[in-house]
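Inspection log for the structure reproduced underneath, given as structure tokens.
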Amino acid sequence: MKTLKLWKVLLVFLLVLLPAAVFAQISGPIVSTDDLEKNLTNPKVVVLDVRKVEEYRAGHIPGAVNVTYGSWAIKKGDLLNELPPLDDLSEVIGNAGINKDSLVVIVGKTDKVPDQFDMTRVAWTLKYLGVPNVAILSGGQNQWVKEKKPLSQDMVKAKAKPFKASITAKLYVNKAYVMDNLGKATIIDTRAPAFYQAKEKLPFVPKLGRIKGAVNLPVGALYTPEGLYKDKAALAALAEKAAGNDPAKEMILYCDTGKTCTAWALILTDMLGYKNVKVYDGSSMEWLADPAAPSEP
Amino acid sequence: MELLNQDPHFKMGCVLCHKGNAKVIKKEEAHKGVVKRPSDNLRSCVVCHKKITDNYAKSLHYTTAGQRNGVMPRFSAEELKTFDEKVFEKSCRSCHASCGDCHVKGAPVGGISIGLVAKHKFVKKDEGKTCAFCHGGRVYPEYTGDYGGSPDVHYQKGMLCMDCHKKAEFHGDGTAYASKNSVKQRPSCRNCHKPGNEAKLTAQVAHREHDGKVTCYGCHSGAAYRNCNDCHGGHSAANPGMILGKNPRDKKTLTTLRLIPTVRDTFAPAGIKMENFDALPNYWDTPAHNIRKRTDRTRNCDTCHVDRKNFLTKEMLIKNGSKANDDLIFVPKPINR
């Protein structure tokens, strides 16, 4: 009898606790290559490769499904990186085998600095649509390749899951919302200091300047010289210096197009515990084109 | 050395294709008689790839016959002679793709080349480089969504050029076709999408009502596409957009049109006035490579039937364009509800 009990305990351990122990290390928002490798067979994990189809076909993380970045953010009128229609997005998410219970690890390339932000923009979009557990792979596909981890050229077709977007928090906000909350929310400009200081601008941004009253928390400060995310303590210090330490304070982040600022948005919420972080989707492209939108200097 | 050992093309050394002299050390002597683009002469490849090369010599990629035959009706007999001599052979034909242009080194387009596709490896296919380089002015970025709007739904699902366009379209099938429109084995939406299998009743009804009247592109082209004139024009204003009108090859159907760059004075530098310019329109049916399941037209019938969005109008026509353009204007009627 005693032996039987012992076997039962062992069986419970094997079936429940052991897999949990193996897969337990993965938690957002930044996942290391080693942790992802240990979780490749975790049934809750969906590895989402957002690179171009050509790049994915040339070699990808085994089991990763491909939904190219262009499916997540589109050009609308003059504005870059805008949300596609919600019914299209919901279908894309369901077809990738993602539902609200999935733990999605997003993989992109990091050849150039701006490439990093494909991953964070997709992560923020998933959270916006009601998939709370999202993470990005530290160093992206480039780091995975650099460490000579396994690659596959098989086209992975995910088993589609029903998915209906449910927008519970306004993680993306529009110009009118920002206008209404000037002087109330902390407006955070995540562009490089020269852009914040109105010394430089990208060609597609209509003029030099920033949203009136914005503080600067540049995305370049997120990374080590190797292009990986700095540790939590370093990032917390940067965030506190620019945005304070009140986790309930509303923060609205923006950049040039509404893409790069999602990197800080993800870190502030999922790593540092700020509870009320929003992204202004139109960002400088839209704000600085409107003479009625207060800007400085 | 690894590359040399891996690929049978290299077993006989560089001189097999590039000529020159492998037995001397001095560069100037070794390079005497070197052929930079060996596959410009198909005989370089025919030794081992006879069937493919024989077919290819007649293919549209090689003959570029589509370019000549497409514009030919605009010329008088005398003008055609001048065109063949001064324009076609010297200009259009210079674009013909050799074997190496797809399998080794990108073709020079407007004097620019992407260089070797994968060092000097002979690659079977690499659509993102080879197809995209020549067809990257409009088709490829339209397909990947780089012009704006979402990517083509087929790209989104992981499909590349050769998933729809089969080998025979690239190498030819041994027939010297007059243009791509005469090729029988071309991709067709209905190869995969059979009408009647739609999940939604609204889609079933819409497909049934428009069958034979509107091409798939007419409703499912997802975003503005680039018109040829945007780059090649310089003669008239045209901006990326979507143009819906009658198919000049089949005026019973409505489809997506693209403004092509042949205008009245296109061949004036060669002394060709185009006496029959008005025989052909400036707008031609185009298989826009930006297909979406849902578009503003599939979401709402009023987009076409009330708002007439994107439909070619008299006011939109290019200035001093062909008189044949007027025949492509279509005015959709309101739906009787």
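Naming scheme: A, B, ... for chains in displayed order of the structure tokens; residues 1 onward per chain; ligands 1 onward as shown.
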
Inset, instruction - Pick out the residues sitting within 9 Å of A:Glu82, and hand them over as a PyMOL selection string; count only C-alpha atoms, and ignore anything fewer than 5 positions along from it in its own chain. - result: chain A and resi 72-76+257-259+281-282

Inset, instruction - Give me, as an MDAnalysis selection string, the contact residues of chain A against chain B at a cut-off of 9 Å, counting only C-alpha atoms. - result: chainID A and resid 52:54 56:57 66:68 70:77 80 84 87:88 92 155 157

Inset, instruction - With a distance cut-off of 10 Å and only C-alpha atoms, select the neighbouring residues of stretch 181-184 of chain B, excluding the residue or stretch itself and same-chain residues fewer than 4 positions from it, and output the selection as a ChimeraX atom specification. - result: /B:60,66,168-169,172-173,175-177,249

For the residues selected in the previous step, produce a file with N, CA and C atoms as an mmCIF file, in the first residue's frame.
```cif
data_model
loop_
_atom_site.group_PDB
_atom_site.id
_atom_site.type_symbol
_atom_site.label_atom_id
_atom_site.label_comp_id
_atom_site.auth_asym_id
_atom_site.auth_seq_id
_atom_site.Cartn_x
_atom_site.Cartn_y
_atom_site.Cartn_z
ATOM 1 N N LEU B 60 9.349 34.173 -72.518
ATOM 2 C CA LEU B 60 9.145 35.621 -72.511
ATOM 3 C C LEU B 60 10.201 36.352 -71.687
ATOM 4 N N GLY B 66 6.749 40.231 -75.181
ATOM 5 C CA GLY B 66 5.567 40.904 -74.652
ATOM 6 C C GLY B 66 5.687 42.414 -74.757
ATOM 7 N N ALA B 168 7.435 26.574 -65.368
ATOM 8 C CA ALA B 168 7.254 26.796 -66.810
ATOM 9 C C ALA B 168 7.104 28.275 -67.141
ATOM 10 N N GLU B 169 6.628 29.050 -66.173
ATOM 11 C CA GLU B 169 6.489 30.477 -66.439
ATOM 12 C C GLU B 169 7.846 31.168 -66.492
ATOM 13 N N GLY B 172 9.835 28.925 -69.514
ATOM 14 C CA GLY B 172 9.063 28.704 -70.739
ATOM 15 C C GLY B 172 8.703 27.231 -70.872
ATOM 16 N N ASP B 173 7.792 26.965 -71.804
ATOM 17 C CA ASP B 173 7.399 25.565 -72.025
ATOM 18 C C ASP B 173 7.740 25.115 -73.445
ATOM 19 N N THR B 175 7.183 26.977 -76.134
ATOM 20 C CA THR B 175 6.417 27.763 -77.112
ATOM 21 C C THR B 175 6.866 29.219 -77.021
ATOM 22 N N ALA B 176 7.038 29.845 -78.179
ATOM 23 C CA ALA B 176 7.400 31.265 -78.175
ATOM 24 C C ALA B 176 6.103 32.081 -78.136
ATOM 25 N N TYR B 177 5.687 32.475 -76.963
ATOM 26 C CA TYR B 177 4.431 33.205 -76.819
ATOM 27 C C TYR B 177 4.603 34.675 -77.207
ATOM 28 N N ARG B 249 -9.051 44.144 -72.294
ATOM 29 C CA ARG B 249 -9.015 42.888 -73.064
ATOM 30 C C ARG B 249 -10.374 42.185 -73.070
#
```

Inset, instruction - List every residue of stretch 145-300 of chain B that DSSP, applied to the backbone of this structure, assigns to strand (DSSP E or B), and report them as a PyMOL selection string. - result: chain B and resi 214+221+225+241+243-247+250-259+283-285+291

Legend entry - Close residues, A:Ser284 itself excluded, 8 Å, only C-alpha atoms, min 6 positions apart in chain, as a ChimeraX atom specification: /A:205,210-211,254-257

Just the selected residues (N, CA and C atoms), exported as a short mmCIF file (atom, residue, chain, number, x, y, z; two decimals), in the first residue's frame, please.
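Everything below was put into again.cif:
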```
data_model
loop_
_atom_site.label_atom_id
_atom_site.label_comp_id
_atom_site.auth_asym_id
_atom_site.auth_seq_id
_atom_site.Cartn_x
_atom_site.Cartn_y
_atom_site.Cartn_z
N VAL A 205 8.94 63.20 -40.53
CA VAL A 205 8.29 63.96 -39.43
C VAL A 205 8.21 65.41 -39.89
N ARG A 210 8.74 68.80 -30.00
CA ARG A 210 8.17 67.72 -29.17
C ARG A 210 6.81 68.16 -28.63
N ILE A 211 6.09 67.21 -28.08
CA ILE A 211 4.80 67.54 -27.46
C ILE A 211 5.07 68.41 -26.23
N TYR A 254 5.39 58.37 -26.60
CA TYR A 254 5.35 58.56 -28.05
C TYR A 254 6.77 58.60 -28.60
N CYS A 255 6.87 58.49 -29.92
CA CYS A 255 8.17 58.56 -30.59
C CYS A 255 7.92 59.22 -31.95
N ASP A 256 8.51 58.72 -33.02
CA ASP A 256 8.23 59.31 -34.33
C ASP A 256 6.96 58.74 -34.95
N THR A 257 6.80 57.41 -34.87
CA THR A 257 5.68 56.76 -35.57
C THR A 257 4.79 55.93 -34.65
#
```

Legend entry - Filtered DSSP result for stretch 52-174 of chain A, state helix (DSSP H, G or I), as a ChimeraX atom specification: /A:53-58,69-71,86-95,113-128,140-146

Inset, instruction - Record the distance separating atom CA of B:Ile243 and atom CA of B:Lys180, expressed in Å with one decimal. - result: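 Straight-line distance from atom CA of B:Ile243 to atom CA of B:Lys180 works out to 21.5 Å.
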
Inset, instruction - Report the distance between atom CA of B:Asn282 and atom CA of B:Glu89 in Å, rounded to one decimal place. - result: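 Interatomic distance here is 23.2 Å.
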